[in-house]
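A.B. asks: I have a structure I would like to understand better, so I am pasting it below and will then ask my questions one at a time.
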Amino acid sequence: MSTATGHGHAAGQLSVETTVVSAGRPERAADSAVNPPIVLTSTFLGTRATRDGDRVYGRYSNPTWDPFEEALGALESAELPALVFSSGLAAVIAAMSLIPAGGTLVMPRHSYQGSLLLAAGDARDGRINVRTVDIADTAEVIAALDGAAMLWLESPTNPMLEVAELAVLADAAHQAGALVVVDNTFSTPLVTRPLELGADVVVHSVTKYLSGHSDVILGATVTSDPELRARLLTYRSLHGAVGGPFEVWLALRGLRTLALRVQRSMESAMDLAARLASHPGVEAVRYPGLPQDPGHARAAAQMDGFGSIVCIEVAGGAEAADAVTEKVGLWLPATSLGGVESLIERRRRQPSEPVSVPENLLRLSVGIENVEDLWRDLDQALPR
């Protein structure tokens, strides 16, 4: 796990493990609450002409959002608070709205399904052009940046766990005049802080690790650029992509245990990946923490850990992979990731998943259960 001096965090700053607990607290005063309240209101009192910063209406602002946005901004080493959205895809849409009409988006061929579908839809409608690339092939990505307006990055990618050279690609994109957006959902700011590596905007599905309990749907964007933040805020306000106060409060409560959850799940993911690598029912393991993984060296250089997602290719094809999801009793066969519970899914069961994702690939989102229990359940379900 990272500390105040890990991978770009300046000496003297609080560690990210402390920030998840301390950021976004109410001001200290006698008898003040240690946690922020939930403010349930659709509108705010006012008589004079409105000015920037006035709350005015619940679609523009809510005091319950502020602590979460402050905390996430601090975790991502941003100079400004984050912006919370109604879902991860709403945050993705807002970030992609920064592409000018007719502009070109360069993005990984393996990405979050919603991002790929959104980009493809905008391309069909003629709003943007899309170039998909193997994000692990740095030369290919740089070649595709000619005339691009935005470079979209995931590292590791969903679900193939390819690792991009974030700083190198961010620098190349800026030289080409493109904005750089990084979806940091898989890594979380405990593992990777893309703004420190040159990104302009970071996107999160708060639904996943940040809230951590599979009980809310939210998203967020983070940037240190005041103009970009203003544009994203305007998009959120005018498109109504706002989160409910109760959901945002739950996300902040979940954020408090992020460091503990990520540490535990990463340790278990490494353990399970190593065991799966020698299992007779597994043809291949994808996990950047394994020394033999193609992305291991890059991940070790730019990440504080290797994440909590492990992907395996099951011997026997799609039917065998489906059988595993039916035989497990502790792992939950469901989509999504990043909760306290361990989830398992054959990704190609989703009809819109890229055909380059193997039919027999299972994505494992490792939770915080006892690792021996997780292993026994998985082992008995895998083919021999």
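Ordering of the structure tokens sets the chain letters (A, B, ...); residue numbers start at 1 within each chain; ligands are numbered from 1 in the order shown.
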Determine, counting only C-alpha atoms, which protein, DNA and RNA residues have an atom within 8 Å of an atom of A:Ser42; residues of the same chain fewer than 2 positions away are not included. Present the result as a ChimeraX atom specification.

C.D. replies: /A:40,44,57-59

A.B. asks: DSSP on the backbone, alpha helix (DSSP H) only: what residues of stretch 200-241 of chain A does that give? Format it as a ChimeraX atom specification.

C.D. replies: /A:226-239

A.B. asks: Based on the backbone DSSP call, show me all residues of stretch 7-225 of chain A assigned strand (DSSP E or B), as an MDAnalysis selection string.

C.D. replies: chainID A and resid 43 57 83:85 104:108 129:133 150:154 179:183 201:205 219:222

A.B. asks: Using only C-alpha atoms, tabulate the residues of stretch 147-240 of chain A lying at most 7 Å from any atom of stretch 73-79 of chain A, each with its closest atom pair and that distance in Å to one decimal, by chain and increasing residue number, as a tab-separated table.

C.D. replies:
residue	atom	partner	partner_atom	distance
A:Pro189	CA	A:Glu76	CA	5.5
A:Arg193	CA	A:Glu76	CA	5.5
A:Leu195	CA	A:Glu76	CA	6.9
A:Val222	CA	A:Gly73	CA	6.2
A:Thr223	CA	A:Ala78	CA	6.0
A:Ser224	CA	A:Glu79	CA	4.8

A.B. asks: Emit the selected residues as a CSV table (one decimal), in the first residue's frame, including C-alpha atoms.

C.D. replies:
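The new file again.csv reads:
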chain,number,residue,atom,x,y,z
A,189,PRO,CA,-6.4,6.0,-5.8
A,193,ARG,CA,-3.1,8.2,-9.0
A,195,LEU,CA,-3.3,12.9,-12.2
A,222,VAL,CA,-11.7,14.4,-10.8
A,223,THR,CA,-9.5,17.1,-12.3
A,224,SER,CA,-7.1,19.8,-11.2

A.B. asks: In Å, rounded to a single decimal, give me how far atom CA of A:Leu252 is from atom CA of A:Phe68.

C.D. replies: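 Going from atom CA of A:Phe68 over to atom CA of A:Leu252, I get 5.4 Å.
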
A.B. asks: Which value, in Å to one decimal, gives the distance between atom CA of A:Leu190 and atom CA of A:Val133?

C.D. replies: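 Here the two named atoms are 26.8 Å from each other.
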
A.B. asks: Which residues of stretch 233-336 of chain A have any atom within 10 Å of an atom in stretch 21-34 of chain A when counting only C-alpha atoms, and what is the closest pair of atoms for each, with the distance in Å to one decimal? Order the rows by chain and rising number and write it as a Markdown table.

C.D. replies:
| residue | atom | partner | partner_atom | distance |
| --- | --- | --- | --- | --- |
| A:Leu252 | CA | A:Gly24 | CA | 8.4 |
| A:Arg253 | CA | A:Val21 | CA | 9.3 |
| A:Leu255 | CA | A:Val21 | CA | 7.7 |
| A:Arg256 | CA | A:Val21 | CA | 4.8 |
| A:Thr257 | CA | A:Val21 | CA | 7.4 |
| A:Leu258 | CA | A:Val21 | CA | 8.8 |
| A:Ala259 | CA | A:Val21 | CA | 8.9 |

A.B. asks: Given the selection you just returned, output its residues as a file containing N, CA, C and O atoms, formatted as an mmCIF file, in the first residue's frame.

C.D. replies:
data_model
loop_
_atom_site.group_PDB
_atom_site.id
_atom_site.type_symbol
_atom_site.label_atom_id
_atom_site.label_comp_id
_atom_site.auth_asym_id
_atom_site.auth_seq_id
_atom_site.Cartn_x
_atom_site.Cartn_y
_atom_site.Cartn_z
ATOM 1 N N LEU A 252 -19.549 7.835 1.044
ATOM 2 C CA LEU A 252 -18.532 8.380 1.928
ATOM 3 C C LEU A 252 -18.281 7.444 3.100
ATOM 4 O O LEU A 252 -17.133 7.221 3.500
ATOM 5 N N ARG A 253 -19.346 6.862 3.643
ATOM 6 C CA ARG A 253 -19.169 5.908 4.737
ATOM 7 C C ARG A 253 -18.360 4.702 4.259
ATOM 8 O O ARG A 253 -17.472 4.206 4.955
ATOM 9 N N LEU A 255 -16.199 4.725 1.849
ATOM 10 C CA LEU A 255 -14.838 5.174 1.555
ATOM 11 C C LEU A 255 -13.934 5.069 2.773
ATOM 12 O O LEU A 255 -12.725 4.853 2.651
ATOM 13 N N ARG A 256 -14.501 5.199 3.960
ATOM 14 C CA ARG A 256 -13.690 5.195 5.182
ATOM 15 C C ARG A 256 -12.900 3.891 5.355
ATOM 16 O O ARG A 256 -11.836 3.897 5.977
ATOM 17 N N THR A 257 -13.397 2.798 4.826
ATOM 18 C CA THR A 257 -12.704 1.513 4.985
ATOM 19 C C THR A 257 -11.982 1.084 3.708
ATOM 20 O O THR A 257 -11.524 -0.060 3.605
ATOM 21 N N LEU A 258 -11.870 1.994 2.733
ATOM 22 C CA LEU A 258 -11.278 1.634 1.442
ATOM 23 C C LEU A 258 -9.882 1.042 1.588
ATOM 24 O O LEU A 258 -9.557 0.020 0.974
ATOM 25 N N ALA A 259 -9.039 1.659 2.394
ATOM 26 C CA ALA A 259 -7.655 1.182 2.516
ATOM 27 C C ALA A 259 -7.607 -0.235 3.064
ATOM 28 O O ALA A 259 -6.856 -1.089 2.576
#

A.B. asks: If you take only C-alpha atoms and a cut-off of 10 Å, which residues of stretch 139-246 of chain A touch stretch 355-364 of chain A, and what are their nearest atom pairs and distances in Å to one decimal, in chain and number order, as a tab-separated table?

C.D. replies:
residue	atom	partner	partner_atom	distance
A:Asn158	CA	A:Arg363	CA	9.1
A:Pro159	CA	A:Arg363	CA	6.7
A:Met160	CA	A:Val357	CA	7.2
A:Leu161	CA	A:Arg363	CA	9.9

A.B. asks: Taking only C-alpha atoms into account, name the residue in A:Ser187, A:Ser237, A:Asn370, A:Thr207 that is nearest to A:Leu272.

C.D. replies: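 Among A:Ser187, A:Ser237, A:Asn370, A:Thr207, it is A:Asn370 that comes nearest to A:Leu272.
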
A.B. asks: Could you check which of A:Leu166, A:Ala320, A:Ala315, A:Leu80 is closest to A:Glu227, using only C-alpha atoms?

C.D. replies: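 With only C-alpha atoms as the atom set, the closest residue is A:Leu80.
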
A.B. asks: Suppose you want the space between atom CA of A:Ser111 and atom CA of A:Pro280; what is it in Å?

C.D. replies: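 For atom CA of A:Ser111 relative to atom CA of A:Pro280, the distance reads 29.0 Å.
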
A.B. asks: Could you list, as a ChimeraX atom specification, every residue within 10 Å of A:Ala323, counting only C-alpha atoms and ignoring same-chain residues fewer than 5 positions away?

C.D. replies: /A:314,318,328,381-383
